[in-house]
file query02.pdb (PDB, C-alpha atoms and all ligand atoms)
ATOM      1  CA  MET A   1       0.000   0.000   0.000  1.00  0.00           C
ATOM      2  CA  LYS A   2       1.175   3.471  -0.816  1.00  0.00           C
ATOM      3  CA  GLU A   3       1.614   5.854   2.075  1.00  0.00           C
ATOM      4  CA  HIS A   4      -0.621   8.578   0.658  1.00  0.00           C
ATOM      5  CA  TYR A   5      -2.844   8.951  -2.356  1.00  0.00           C
ATOM      6  CA  SER A   6      -3.335  12.160  -4.277  1.00  0.00           C
ATOM      7  CA  ILE A   7      -6.058  13.052  -6.732  1.00  0.00           C
ATOM      8  CA  ALA A   8      -5.716  16.141  -8.932  1.00  0.00           C
ATOM      9  CA  ILE A   9      -8.789  17.909 -10.278  1.00  0.00           C
ATOM     10  CA  ASP A  10      -8.146  20.727 -12.727  1.00  0.00           C
ATOM     11  CA  GLY A  11     -10.357  22.736 -15.024  1.00  0.00           C
ATOM     12  CA  PRO A  12     -11.818  26.181 -15.665  1.00  0.00           C
ATOM     13  CA  SER A  13     -13.807  28.081 -13.063  1.00  0.00           C
ATOM     14  CA  GLY A  14     -17.399  26.955 -12.644  1.00  0.00           C
ATOM     15  CA  ALA A  15     -16.834  23.411 -13.917  1.00  0.00           C
ATOM     16  CA  GLY A  16     -17.848  22.136 -10.482  1.00  0.00           C
ATOM     17  CA  LYS A  17     -14.375  21.230  -9.234  1.00  0.00           C
ATOM     18  CA  SER A  18     -14.707  22.410  -5.654  1.00  0.00           C
ATOM     19  CA  THR A  19     -18.204  21.057  -5.058  1.00  0.00           C
ATOM     20  CA  LEU A  20     -17.267  17.674  -6.495  1.00  0.00           C
ATOM     21  CA  ALA A  21     -13.905  17.535  -4.761  1.00  0.00           C
ATOM     22  CA  ARG A  22     -15.635  18.207  -1.459  1.00  0.00           C
ATOM     23  CA  ILE A  23     -18.208  15.454  -2.024  1.00  0.00           C
ATOM     24  CA  LEU A  24     -15.565  12.967  -3.158  1.00  0.00           C
ATOM     25  CA  ALA A  25     -13.272  13.804  -0.256  1.00  0.00           C
ATOM     26  CA  ARG A  26     -16.084  13.027   2.146  1.00  0.00           C
ATOM     27  CA  ARG A  27     -16.982   9.757   0.424  1.00  0.00           C
ATOM     28  CA  LEU A  28     -13.370   8.583   0.193  1.00  0.00           C
ATOM     29  CA  ASN A  29     -12.277  10.029   3.535  1.00  0.00           C
ATOM     30  CA  PHE A  30      -9.620  12.187   1.887  1.00  0.00           C
ATOM     31  CA  ILE A  31      -8.700  15.772   2.713  1.00  0.00           C
ATOM     32  CA  TYR A  32      -9.891  18.383   0.239  1.00  0.00           C
ATOM     33  CA  VAL A  33      -7.436  21.147  -0.642  1.00  0.00           C
ATOM     34  CA  ASP A  34      -8.845  24.126  -2.561  1.00  0.00           C
ATOM     35  CA  THR A  35      -5.820  25.816  -4.141  1.00  0.00           C
ATOM     36  CA  GLY A  36      -7.890  28.601  -5.736  1.00  0.00           C
ATOM     37  CA  ALA A  37      -8.651  29.805  -2.204  1.00  0.00           C
ATOM     38  CA  ILE A  38      -4.927  30.283  -1.621  1.00  0.00           C
ATOM     39  CA  TYR A  39      -4.579  32.503  -4.720  1.00  0.00           C
ATOM     40  CA  ARG A  40      -7.699  34.355  -3.658  1.00  0.00           C
ATOM     41  CA  THR A  41      -6.100  35.112  -0.297  1.00  0.00           C
ATOM     42  CA  VAL A  42      -3.112  36.743  -2.007  1.00  0.00           C
ATOM     43  CA  GLY A  43      -5.574  38.636  -4.241  1.00  0.00           C
ATOM     44  CA  LEU A  44      -7.523  39.817  -1.206  1.00  0.00           C
ATOM     45  CA  ASP A  45      -4.396  41.192   0.430  1.00  0.00           C
ATOM     46  CA  ALA A  46      -3.505  43.141  -2.730  1.00  0.00           C
ATOM     47  CA  TRP A  47      -7.047  44.480  -3.083  1.00  0.00           C
ATOM     48  CA  ARG A  48      -7.239  45.573   0.539  1.00  0.00           C
ATOM     49  CA  ARG A  49      -3.978  47.450   0.214  1.00  0.00           C
ATOM     50  CA  GLY A  50      -5.180  49.243  -2.896  1.00  0.00           C
ATOM     51  CA  ILE A  51      -2.600  47.643  -5.164  1.00  0.00           C
ATOM     52  CA  ASP A  52      -3.691  47.262  -8.768  1.00  0.00           C
ATOM     53  CA  SER A  53      -4.312  43.597  -9.597  1.00  0.00           C
ATOM     54  CA  ARG A  54      -1.874  43.780 -12.520  1.00  0.00           C
ATOM     55  CA  ASP A  55       0.879  45.610 -10.687  1.00  0.00           C
ATOM     56  CA  GLU A  56       3.337  42.718 -10.470  1.00  0.00           C
ATOM     57  CA  PRO A  57       6.121  44.503  -8.527  1.00  0.00           C
ATOM     58  CA  GLY A  58       3.486  45.816  -6.105  1.00  0.00           C
ATOM     59  CA  VAL A  59       1.953  42.372  -5.544  1.00  0.00           C
ATOM     60  CA  VAL A  60       5.322  40.622  -5.301  1.00  0.00           C
ATOM     61  CA  ALA A  61       6.438  43.130  -2.656  1.00  0.00           C
ATOM     62  CA  LEU A  62       3.528  41.941  -0.505  1.00  0.00           C
ATOM     63  CA  LEU A  63       4.718  38.358  -0.402  1.00  0.00           C
ATOM     64  CA  ASP A  64       7.443  39.054   2.146  1.00  0.00           C
ATOM     65  CA  GLY A  65       4.976  40.164   4.772  1.00  0.00           C
ATOM     66  CA  ILE A  66       2.126  37.798   4.047  1.00  0.00           C
ATOM     67  CA  ARG A  67       1.327  34.752   6.160  1.00  0.00           C
ATOM     68  CA  ILE A  68      -1.184  32.351   4.693  1.00  0.00           C
ATOM     69  CA  THR A  69      -2.414  29.300   6.522  1.00  0.00           C
ATOM     70  CA  PHE A  70      -5.233  26.937   5.860  1.00  0.00           C
ATOM     71  CA  ALA A  71      -6.946  24.271   7.872  1.00  0.00           C
ATOM     72  CA  CYS A  72      -9.143  21.611   6.347  1.00  0.00           C
ATOM     73  CA  SER A  73     -11.877  20.195   8.494  1.00  0.00           C
ATOM     74  CA  GLU A  74     -15.215  18.622   7.621  1.00  0.00           C
ATOM     75  CA  GLY A  75     -14.732  19.556   3.980  1.00  0.00           C
ATOM     76  CA  LEU A  76     -14.536  23.266   4.749  1.00  0.00           C
ATOM     77  CA  GLN A  77     -11.176  24.899   4.198  1.00  0.00           C
ATOM     78  CA  ARG A  78     -10.689  27.878   6.470  1.00  0.00           C
ATOM     79  CA  MET A  79      -8.240  30.418   5.078  1.00  0.00           C
ATOM     80  CA  GLU A  80      -6.263  32.743   7.268  1.00  0.00           C
ATOM     81  CA  LEU A  81      -4.428  35.846   6.158  1.00  0.00           C
ATOM     82  CA  ASN A  82      -1.950  37.004   8.781  1.00  0.00           C
ATOM     83  CA  GLY A  83      -4.011  35.278  11.452  1.00  0.00           C
ATOM     84  CA  GLU A  84      -7.375  36.672  10.329  1.00  0.00           C
ATOM     85  CA  ASP A  85     -10.083  34.322   9.054  1.00  0.00           C
ATOM     86  CA  VAL A  86     -10.889  35.424   5.477  1.00  0.00           C
ATOM     87  CA  THR A  87     -12.776  32.297   4.374  1.00  0.00           C
ATOM     88  CA  GLU A  88     -15.898  34.232   3.388  1.00  0.00           C
ATOM     89  CA  GLU A  89     -14.324  37.416   2.119  1.00  0.00           C
ATOM     90  CA  ILE A  90     -12.187  35.739  -0.558  1.00  0.00           C
ATOM     91  CA  ARG A  91     -15.399  34.655  -2.356  1.00  0.00           C
ATOM     92  CA  ALA A  92     -16.394  38.225  -3.289  1.00  0.00           C
ATOM     93  CA  HIS A  93     -16.739  38.868  -7.006  1.00  0.00           C
ATOM     94  CA  VAL A  94     -13.950  41.444  -7.174  1.00  0.00           C
ATOM     95  CA  ILE A  95     -11.536  38.972  -5.592  1.00  0.00           C
ATOM     96  CA  SER A  96     -12.093  36.492  -8.442  1.00  0.00           C
ATOM     97  CA  ARG A  97     -10.506  38.994 -10.803  1.00  0.00           C
ATOM     98  CA  TYR A  98      -7.707  39.787  -8.386  1.00  0.00           C
ATOM     99  CA  ALA A  99      -6.984  36.076  -7.898  1.00  0.00           C
ATOM    100  CA  SER A 100      -6.894  35.506 -11.639  1.00  0.00           C
ATOM    101  CA  ASP A 101      -4.454  38.390 -12.159  1.00  0.00           C
ATOM    102  CA  VAL A 102      -2.083  37.600  -9.293  1.00  0.00           C
ATOM    103  CA  SER A 103      -2.072  33.913 -10.227  1.00  0.00           C
ATOM    104  CA  ALA A 104      -0.485  34.854 -13.572  1.00  0.00           C
ATOM    105  CA  MET A 105       2.616  36.167 -11.765  1.00  0.00           C
ATOM    106  CA  PRO A 106       5.429  33.577 -11.620  1.00  0.00           C
ATOM    107  CA  PRO A 107       6.777  34.756  -8.213  1.00  0.00           C
ATOM    108  CA  VAL A 108       3.309  34.347  -6.717  1.00  0.00           C
ATOM    109  CA  ARG A 109       3.044  30.799  -8.091  1.00  0.00           C
ATOM    110  CA  ALA A 110       6.526  29.926  -6.839  1.00  0.00           C
ATOM    111  CA  PHE A 111       5.690  31.316  -3.419  1.00  0.00           C
ATOM    112  CA  LEU A 112       2.609  29.105  -3.096  1.00  0.00           C
ATOM    113  CA  LEU A 113       3.972  25.911  -4.640  1.00  0.00           C
ATOM    114  CA  GLN A 114       5.605  24.301  -1.625  1.00  0.00           C
ATOM    115  CA  MET A 115       2.624  25.002   0.592  1.00  0.00           C
ATOM    116  CA  GLN A 116       0.467  22.952  -1.789  1.00  0.00           C
ATOM    117  CA  ARG A 117       2.972  20.097  -2.082  1.00  0.00           C
ATOM    118  CA  ASP A 118       3.362  19.896   1.686  1.00  0.00           C
ATOM    119  CA  ALA A 119      -0.371  19.368   2.100  1.00  0.00           C
ATOM    120  CA  ALA A 120      -0.239  16.428  -0.315  1.00  0.00           C
ATOM    121  CA  ALA A 121       2.843  14.900   1.273  1.00  0.00           C
ATOM    122  CA  GLU A 122       1.156  14.440   4.623  1.00  0.00           C
ATOM    123  CA  ASN A 123      -2.365  13.399   3.699  1.00  0.00           C
ATOM    124  CA  ASN A 124      -4.591  11.519   1.299  1.00  0.00           C
ATOM    125  CA  VAL A 125      -5.718  14.521  -0.715  1.00  0.00           C
ATOM    126  CA  ILE A 126      -8.058  15.638  -3.419  1.00  0.00           C
ATOM    127  CA  MET A 127      -6.628  18.913  -4.616  1.00  0.00           C
ATOM    128  CA  ASP A 128      -8.320  21.167  -7.115  1.00  0.00           C
ATOM    129  CA  GLY A 129      -6.956  24.036  -9.156  1.00  0.00           C
ATOM    130  CA  ARG A 130      -5.581  24.793 -12.602  1.00  0.00           C
ATOM    131  CA  ASP A 131      -2.108  23.246 -12.615  1.00  0.00           C
ATOM    132  CA  ILE A 132      -2.339  20.465 -10.042  1.00  0.00           C
ATOM    133  CA  GLY A 133      -1.902  17.599 -12.509  1.00  0.00           C
ATOM    134  CA  THR A 134       0.664  19.450 -14.614  1.00  0.00           C
ATOM    135  CA  VAL A 135       2.839  21.279 -12.065  1.00  0.00           C
ATOM    136  CA  VAL A 136       1.948  20.873  -8.392  1.00  0.00           C
ATOM    137  CA  LEU A 137       1.443  17.093  -8.290  1.00  0.00           C
ATOM    138  CA  PRO A 138       2.727  15.702 -11.592  1.00  0.00           C
ATOM    139  CA  ASP A 139       2.823  12.227  -9.986  1.00  0.00           C
ATOM    140  CA  ALA A 140      -0.757  12.314  -8.712  1.00  0.00           C
ATOM    141  CA  ASP A 141      -2.361   8.871  -8.609  1.00  0.00           C
ATOM    142  CA  MET A 142      -5.388  10.095 -10.514  1.00  0.00           C
ATOM    143  CA  LYS A 143      -5.852  13.203 -12.635  1.00  0.00           C
ATOM    144  CA  ILE A 144      -9.213  14.545 -13.680  1.00  0.00           C
ATOM    145  CA  PHE A 145      -9.845  17.504 -15.988  1.00  0.00           C
ATOM    146  CA  LEU A 146     -13.365  18.815 -15.429  1.00  0.00           C
ATOM    147  CA  THR A 147     -15.051  21.125 -17.842  1.00  0.00           C
ATOM    148  CA  ALA A 148     -18.459  22.460 -18.967  1.00  0.00           C
ATOM    149  CA  THR A 149     -19.562  25.044 -21.532  1.00  0.00           C
ATOM    150  CA  PRO A 150     -18.920  28.718 -20.597  1.00  0.00           C
ATOM    151  CA  GLU A 151     -22.695  29.376 -20.549  1.00  0.00           C
ATOM    152  CA  GLU A 152     -23.343  26.569 -18.084  1.00  0.00           C
ATOM    153  CA  ARG A 153     -20.434  27.620 -15.890  1.00  0.00           C
ATOM    154  CA  ALA A 154     -21.594  31.253 -15.884  1.00  0.00           C
ATOM    155  CA  ARG A 155     -25.104  30.180 -14.916  1.00  0.00           C
ATOM    156  CA  ARG A 156     -23.794  28.144 -11.964  1.00  0.00           C
ATOM    157  CA  ARG A 157     -21.568  30.983 -10.802  1.00  0.00           C
ATOM    158  CA  TRP A 158     -24.428  33.483 -11.148  1.00  0.00           C
ATOM    159  CA  LEU A 159     -26.714  31.294  -9.008  1.00  0.00           C
ATOM    160  CA  GLU A 160     -23.967  31.112  -6.394  1.00  0.00           C
ATOM    161  CA  LEU A 161     -23.634  34.925  -6.346  1.00  0.00           C
ATOM    162  CA  GLN A 162     -27.415  35.319  -6.126  1.00  0.00           C
ATOM    163  CA  GLU A 163     -27.478  33.059  -3.085  1.00  0.00           C
ATOM    164  CA  ARG A 164     -24.803  35.197  -1.480  1.00  0.00           C
ATOM    165  CA  GLY A 165     -26.831  38.312  -2.195  1.00  0.00           C
ATOM    166  CA  GLU A 166     -24.314  39.745  -4.679  1.00  0.00           C
ATOM    167  CA  ASP A 167     -25.792  41.735  -7.492  1.00  0.00           C
ATOM    168  CA  ALA A 168     -24.389  40.815 -10.914  1.00  0.00           C
ATOM    169  CA  SER A 169     -26.121  40.211 -14.234  1.00  0.00           C
ATOM    170  CA  LEU A 170     -25.785  36.868 -15.992  1.00  0.00           C
ATOM    171  CA  GLU A 171     -24.229  38.688 -18.980  1.00  0.00           C
ATOM    172  CA  GLN A 172     -21.606  40.228 -16.728  1.00  0.00           C
ATOM    173  CA  VAL A 173     -20.802  36.906 -15.107  1.00  0.00           C
ATOM    174  CA  LEU A 174     -20.504  35.231 -18.541  1.00  0.00           C
ATOM    175  CA  ALA A 175     -18.180  38.007 -19.709  1.00  0.00           C
ATOM    176  CA  ASP A 176     -16.081  37.490 -16.557  1.00  0.00           C
ATOM    177  CA  VAL A 177     -15.997  33.719 -17.084  1.00  0.00           C
ATOM    178  CA  ASN A 178     -14.762  34.203 -20.650  1.00  0.00           C
ATOM    179  CA  GLN A 179     -12.177  36.740 -19.548  1.00  0.00           C
ATOM    180  CA  ARG A 180     -10.911  34.480 -16.772  1.00  0.00           C
ATOM    181  CA  ASP A 181     -10.778  31.480 -19.125  1.00  0.00           C
ATOM    182  CA  TYR A 182      -8.686  33.559 -21.472  1.00  0.00           C
ATOM    183  CA  ASN A 183      -6.375  34.754 -18.689  1.00  0.00           C
ATOM    184  CA  ASP A 184      -6.014  31.305 -17.136  1.00  0.00           C
ATOM    185  CA  THR A 185      -5.227  29.539 -20.421  1.00  0.00           C
ATOM    186  CA  HIS A 186      -3.028  32.215 -22.010  1.00  0.00           C
ATOM    187  CA  ARG A 187      -0.735  33.171 -19.177  1.00  0.00           C
ATOM    188  CA  ALA A 188       2.910  32.179 -19.520  1.00  0.00           C
ATOM    189  CA  ALA A 189       3.224  30.718 -16.018  1.00  0.00           C
ATOM    190  CA  ALA A 190       1.540  27.328 -15.517  1.00  0.00           C
ATOM    191  CA  PRO A 191      -1.425  27.974 -17.815  1.00  0.00           C
ATOM    192  CA  LEU A 192      -4.602  25.960 -17.420  1.00  0.00           C
ATOM    193  CA  ARG A 193      -4.283  22.875 -19.579  1.00  0.00           C
ATOM    194  CA  GLN A 194      -5.182  19.228 -19.392  1.00  0.00           C
ATOM    195  CA  ALA A 195      -2.344  16.949 -18.324  1.00  0.00           C
ATOM    196  CA  GLU A 196      -1.685  14.219 -20.868  1.00  0.00           C
ATOM    197  CA  ASP A 197      -2.596  11.522 -18.397  1.00  0.00           C
ATOM    198  CA  ALA A 198      -5.743  13.268 -17.104  1.00  0.00           C
ATOM    199  CA  VAL A 199      -9.247  11.956 -17.740  1.00  0.00           C
ATOM    200  CA  LEU A 200     -11.472  14.585 -19.389  1.00  0.00           C
ATOM    201  CA  VAL A 201     -14.976  14.886 -17.931  1.00  0.00           C
ATOM    202  CA  ASP A 202     -17.510  17.344 -19.400  1.00  0.00           C
ATOM    203  CA  THR A 203     -20.194  18.066 -16.795  1.00  0.00           C
ATOM    204  CA  THR A 204     -22.540  20.079 -19.057  1.00  0.00           C
ATOM    205  CA  GLY A 205     -26.087  18.855 -18.522  1.00  0.00           C
ATOM    206  CA  MET A 206     -25.081  16.373 -15.813  1.00  0.00           C
ATOM    207  CA  THR A 207     -26.414  16.593 -12.280  1.00  0.00           C
ATOM    208  CA  LEU A 208     -24.051  16.767  -9.342  1.00  0.00           C
ATOM    209  CA  GLU A 209     -25.175  13.303  -8.296  1.00  0.00           C
ATOM    210  CA  GLU A 210     -24.387  11.842 -11.718  1.00  0.00           C
ATOM    211  CA  VAL A 211     -20.929  13.383 -11.903  1.00  0.00           C
ATOM    212  CA  SER A 212     -19.980  12.494  -8.347  1.00  0.00           C
ATOM    213  CA  ASP A 213     -21.093   8.853  -8.724  1.00  0.00           C
ATOM    214  CA  TYR A 214     -19.222   8.588 -12.006  1.00  0.00           C
ATOM    215  CA  LEU A 215     -16.019  10.056 -10.577  1.00  0.00           C
ATOM    216  CA  GLU A 216     -16.198   8.023  -7.377  1.00  0.00           C
ATOM    217  CA  THR A 217     -16.456   4.776  -9.337  1.00  0.00           C
ATOM    218  CA  MET A 218     -13.591   5.802 -11.592  1.00  0.00           C
ATOM    219  CA  ILE A 219     -11.343   6.723  -8.652  1.00  0.00           C
ATOM    220  CA  ARG A 220     -12.116   3.585  -6.651  1.00  0.00           C
ATOM    221  CA  GLU A 221     -11.286   1.440  -9.679  1.00  0.00           C
ATOM    222  CA  LYS A 222      -8.055   3.239 -10.474  1.00  0.00           C
ATOM    223  CA  LEU A 223      -6.771   3.368  -6.904  1.00  0.00           C
ATOM    224  CA  ALA A 224      -8.231  -0.001  -5.896  1.00  0.00           C
ATOM    225  CA  LEU A 225      -9.966   1.590  -2.890  1.00  0.00           C
TER     226      LEU A 225
HETATM  227  O1  LIG A 301     -10.802  28.169  -8.489  1.00  0.00           O
HETATM  228  P1  LIG A 301     -10.907  29.654  -8.157  1.00  0.00           P
HETATM  229  O2  LIG A 301     -11.875  30.401  -9.025  1.00  0.00           O
HETATM  230  O3  LIG A 301     -11.168  29.869  -6.706  1.00  0.00           O
HETATM  231  O4  LIG A 301      -9.454  30.239  -8.473  1.00  0.00           O
HETATM  232  C1  LIG A 301      -9.160  31.599  -8.385  1.00  0.00           C
HETATM  233  C2  LIG A 301      -8.102  31.976  -9.420  1.00  0.00           C
HETATM  234  O5  LIG A 301      -6.851  31.378  -9.066  1.00  0.00           O
HETATM  235  C3  LIG A 301      -8.408  31.545 -10.841  1.00  0.00           C
HETATM  236  O6  LIG A 301      -8.538  32.656 -11.689  1.00  0.00           O
HETATM  237  C4  LIG A 301      -7.225  30.745 -11.290  1.00  0.00           C
HETATM  238  C5  LIG A 301      -6.232  30.810 -10.188  1.00  0.00           C
HETATM  239  N1  LIG A 301      -5.701  29.494  -9.818  1.00  0.00           N
HETATM  240  C6  LIG A 301      -4.520  29.103 -10.380  1.00  0.00           C
HETATM  241  O7  LIG A 301      -3.958  29.836 -11.181  1.00  0.00           O
HETATM  242  N2  LIG A 301      -3.963  27.921 -10.029  1.00  0.00           N
HETATM  243  C7  LIG A 301      -4.573  27.112  -9.164  1.00  0.00           C
HETATM  244  N3  LIG A 301      -4.004  25.947  -8.837  1.00  0.00           N
HETATM  245  C8  LIG A 301      -5.814  27.486  -8.591  1.00  0.00           C
HETATM  246  C9  LIG A 301      -6.362  28.694  -8.948  1.00  0.00           C
END
call {"tool": "encode", "arguments": {"input": "query02.pdb", "output": "structure tokens", "more": "lines below"}}
Ligand code: DC
result
Amino acid sequence: MKEHYSIAIDGPSGAGKSTLARILARRLNFIYVDTGAIYRTVGLDAWRRGIDSRDEPGVVALLDGIRITFACSEGLQRMELNGEDVTEEIRAHVISRYASDVSAMPPVRAFLLQMQRDAAAENNVIMDGRDIGTVVLPDADMKIFLTATPEERARRRWLELQERGEDASLEQVLADVNQRDYNDTHRAAAPLRQAEDAVLVDTTGMTLEEVSDYLETMIREKLAL
């Protein structure tokens, strides 16, 4: 038996990665690590300090004084920024854009890399993000690339924002989804792409139940769990 198993789930925003990873982690008794939340925490710090999201020297200068910690319990990952719980605040709409911009900066990615690898070294993990299968955990035991059409992903994200009481039109959210897809796939540093050995799963038109059952079966077979 291997000491620890790791499962990488990558894909564009709104494909259902975090919801599915959380469900699967619970069913398999793995720890769920949401790497997007870590980038969001850096983005939040930049936004709070009034630094432009594309000001790379400004953002990089922050890294020296930033302390990010996360604790995973019961499927909920609490994020702390310099000791303050920012779990809710990093979900704000404006922080999505900040996270996308700061995540394109190579020093930011380098700064966060070890933190992500450490989490996988000590636990059975399901980790989701954009470059988990390609960069963070190239030796992951199972790699999944989740996707769905931009329209479906925008609709899901819009519903989420509605529930949180944030006011944004569906058109605006779709425009943001397209912009973030472009940013995430075209950046020079660790762009979003499917690892060669990842299984592609398109969740358009599938219910959460259908996708989670399908993925659970696939993982149990592959890892002999
Ligand atoms: O999954 P999310 O929307 O919470 O991620 C926020 C941003 O962080 C997203 O624009 C892409 C970026 N990200 C990344 O570059 N690499 C990761 N492993 C996870 C997220």
call {"tool": "closest_residue", "arguments": {"input": "query02.pdb", "among": "A:Ile219, A:Ala92, A:Leu208, A:Val201", "to": "Ala168 (chain A)", "atoms": "only C-alpha atoms"}}
result
A:Ala92
call {"tool": "resolve_selection", "arguments": {"input": "query02.pdb", "expression": "the PyMOL selection byres (((chain A and resi 50-53) around 12) and not hetatm)", "output": "PyMOL selection string"}}
result
chain A and resi 40+42-49+54-62+94-105
call {"tool": "atom_distance", "arguments": {"input": "query02.pdb", "atom1": "CA of Ala154 (chain A)", "atom2": "CA of Leu174 (chain A)"}}
result
4.9 Å
call {"tool": "closest_atom_pairs", "arguments": {"input": "query02.pdb", "of": "chain A", "to": "ligand LIG 301 (chain A)", "cutoff": "8 Å", "atoms": "all atoms listed in the file", "output": "Markdown table"}}
result
| residue | atom | partner | partner_atom | distance |
| --- | --- | --- | --- | --- |
| A:Asp10 | CA | A:LIG301 | N3 | 7.7 |
| A:Pro12 | CA | A:LIG301 | O1 | 7.5 |
| A:Ser13 | CA | A:LIG301 | O2 | 5.0 |
| A:Gly14 | CA | A:LIG301 | O2 | 7.4 |
| A:Lys17 | CA | A:LIG301 | O1 | 7.8 |
| A:Ser18 | CA | A:LIG301 | O1 | 7.5 |
| A:Asp34 | CA | A:LIG301 | O1 | 7.4 |
| A:Thr35 | CA | A:LIG301 | C8 | 4.8 |
| A:Gly36 | CA | A:LIG301 | O4 | 3.6 |
| A:Ala37 | CA | A:LIG301 | O3 | 5.2 |
| A:Ile38 | CA | A:LIG301 | C8 | 7.6 |
| A:Tyr39 | CA | A:LIG301 | O5 | 5.0 |
| A:Arg40 | CA | A:LIG301 | C1 | 5.7 |
| A:Arg91 | CA | A:LIG301 | O3 | 7.7 |
| A:Ser96 | CA | A:LIG301 | C1 | 5.7 |
| A:Arg97 | CA | A:LIG301 | O6 | 6.7 |
| A:Tyr98 | CA | A:LIG301 | C2 | 7.9 |
| A:Ala99 | CA | A:LIG301 | C2 | 4.5 |
| A:Ser100 | CA | A:LIG301 | O6 | 3.3 |
| A:Asp101 | CA | A:LIG301 | O6 | 7.1 |
| A:Val102 | CA | A:LIG301 | O5 | 7.8 |
| A:Ser103 | CA | A:LIG301 | O7 | 4.6 |
| A:Ala104 | CA | A:LIG301 | O7 | 6.6 |
| A:Arg109 | CA | A:LIG301 | O7 | 7.7 |
| A:Asp128 | CA | A:LIG301 | N3 | 6.7 |
| A:Gly129 | CA | A:LIG301 | N3 | 3.5 |
| A:Arg130 | CA | A:LIG301 | N3 | 4.2 |
| A:Asp131 | CA | A:LIG301 | N3 | 5.0 |
| A:Ile132 | CA | A:LIG301 | N3 | 5.9 |
| A:Val136 | CA | A:LIG301 | N3 | 7.8 |
| A:Arg180 | CA | A:LIG301 | O6 | 5.9 |
| A:Asp181 | CA | A:LIG301 | O6 | 7.9 |
| A:Asn183 | CA | A:LIG301 | O6 | 7.6 |
| A:Asp184 | CA | A:LIG301 | C4 | 6.0 |
| A:Ala190 | CA | A:LIG301 | O7 | 7.4 |
| A:Pro191 | CA | A:LIG301 | O7 | 7.3 |
| A:Leu192 | CA | A:LIG301 | O7 | 7.4 |
call {"tool": "closest_residue", "arguments": {"input": "query02.pdb", "among": "A:Val199, A:Ala15, A:Ala25, A:Leu159", "to": "Asn123 (chain A)", "atoms": "all atoms listed in the file"}}
result
A:Ala25
call {"tool": "closest_residue", "arguments": {"input": "query02.pdb", "among": "A:Lys143, A:Arg193, A:His93, A:Arg22", "to": "Ser169 (chain A)", "atoms": "all atoms listed in the file"}}
result
A:His93
call {"tool": "atom_distance", "arguments": {"input": "query02.pdb", "atom1": "CA of Glu163 (chain A)", "atom2": "CA of Glu89 (chain A)"}}
result
14.8 Å
call {"tool": "atom_distance", "arguments": {"input": "query02.pdb", "atom1": "CA of Glu3 (chain A)", "atom2": "CA of Leu24 (chain A)"}}
result
19.3 Å
call {"tool": "closest_residue", "arguments": {"input": "query02.pdb", "among": "A:Val173, A:Met218, A:Ala195, A:Val33", "to": "Asp118 (chain A)", "atoms": "all atoms listed in the file"}}
result
A:Val33
call {"tool": "residues_around", "arguments": {"input": "query02.pdb", "residues": "Ala71 (chain A)", "least_positions_apart": "5", "cutoff": "12 Å", "atoms": "all atoms listed in the file", "output": "NGL selection string"}}
result
:A and (31-34 or 37-38 or 76-81 or 83 or 85 or 87 or 119)
call {"tool": "closest_residue", "arguments": {"input": "query02.pdb", "among": "A:Leu146, A:Met206, A:Val177, A:Ala198", "to": "Gly133 (chain A)", "atoms": "only C-alpha atoms"}}
result
A:Ala198
call {"tool": "axis_aligned_box", "arguments": {"input": "query02.pdb", "around": "region 140-156 of chain A", "padding_each_side": "5 Å", "output": "lines of an AutoDock Vina configuration file"}}
result
center_x = -12.9
center_y = 20.1
center_z = -15.1
size_x = 34.3
size_y = 32.4
size_z = 22.9
call {"tool": "decode", "arguments": {"input": "query02.pdb", "residues": "region 56-65 of chain A", "atoms": "N, CA and C atoms", "output": "mmCIF file, in the first residue's frame"}}
result
data_model
loop_
_atom_site.group_PDB
_atom_site.id
_atom_site.type_symbol
_atom_site.label_atom_id
_atom_site.label_comp_id
_atom_site.auth_asym_id
_atom_site.auth_seq_id
_atom_site.Cartn_x
_atom_site.Cartn_y
_atom_site.Cartn_z
ATOM 1 N N GLU A 56 2.545 43.862 -10.958
ATOM 2 C CA GLU A 56 3.337 42.718 -10.470
ATOM 3 C C GLU A 56 4.360 43.092 -9.396
ATOM 4 N N PRO A 57 5.174 44.155 -9.592
ATOM 5 C CA PRO A 57 6.121 44.503 -8.527
ATOM 6 C C PRO A 57 5.403 44.810 -7.214
ATOM 7 N N GLY A 58 4.250 45.475 -7.303
ATOM 8 C CA GLY A 58 3.486 45.816 -6.105
ATOM 9 C C GLY A 58 2.997 44.565 -5.382
ATOM 10 N N VAL A 59 2.473 43.600 -6.150
ATOM 11 C CA VAL A 59 1.953 42.372 -5.544
ATOM 12 C C VAL A 59 3.103 41.533 -4.979
ATOM 13 N N VAL A 60 4.189 41.445 -5.743
ATOM 14 C CA VAL A 60 5.322 40.622 -5.301
ATOM 15 C C VAL A 60 5.917 41.184 -3.994
ATOM 16 N N ALA A 61 5.893 42.506 -3.873
ATOM 17 C CA ALA A 61 6.438 43.130 -2.656
ATOM 18 C C ALA A 61 5.642 42.717 -1.413
ATOM 19 N N LEU A 62 4.372 42.356 -1.633
ATOM 20 C CA LEU A 62 3.528 41.941 -0.505
ATOM 21 C C LEU A 62 3.947 40.599 0.076
ATOM 22 N N LEU A 63 4.515 39.758 -0.789
ATOM 23 C CA LEU A 63 4.718 38.358 -0.402
ATOM 24 C C LEU A 63 5.603 38.203 0.834
ATOM 25 N N ASP A 64 6.543 39.114 1.001
ATOM 26 C CA ASP A 64 7.443 39.054 2.146
ATOM 27 C C ASP A 64 6.705 39.122 3.478
ATOM 28 N N GLY A 65 5.657 39.932 3.495
ATOM 29 C CA GLY A 65 4.976 40.164 4.772
ATOM 30 C C GLY A 65 3.675 39.412 4.923
#
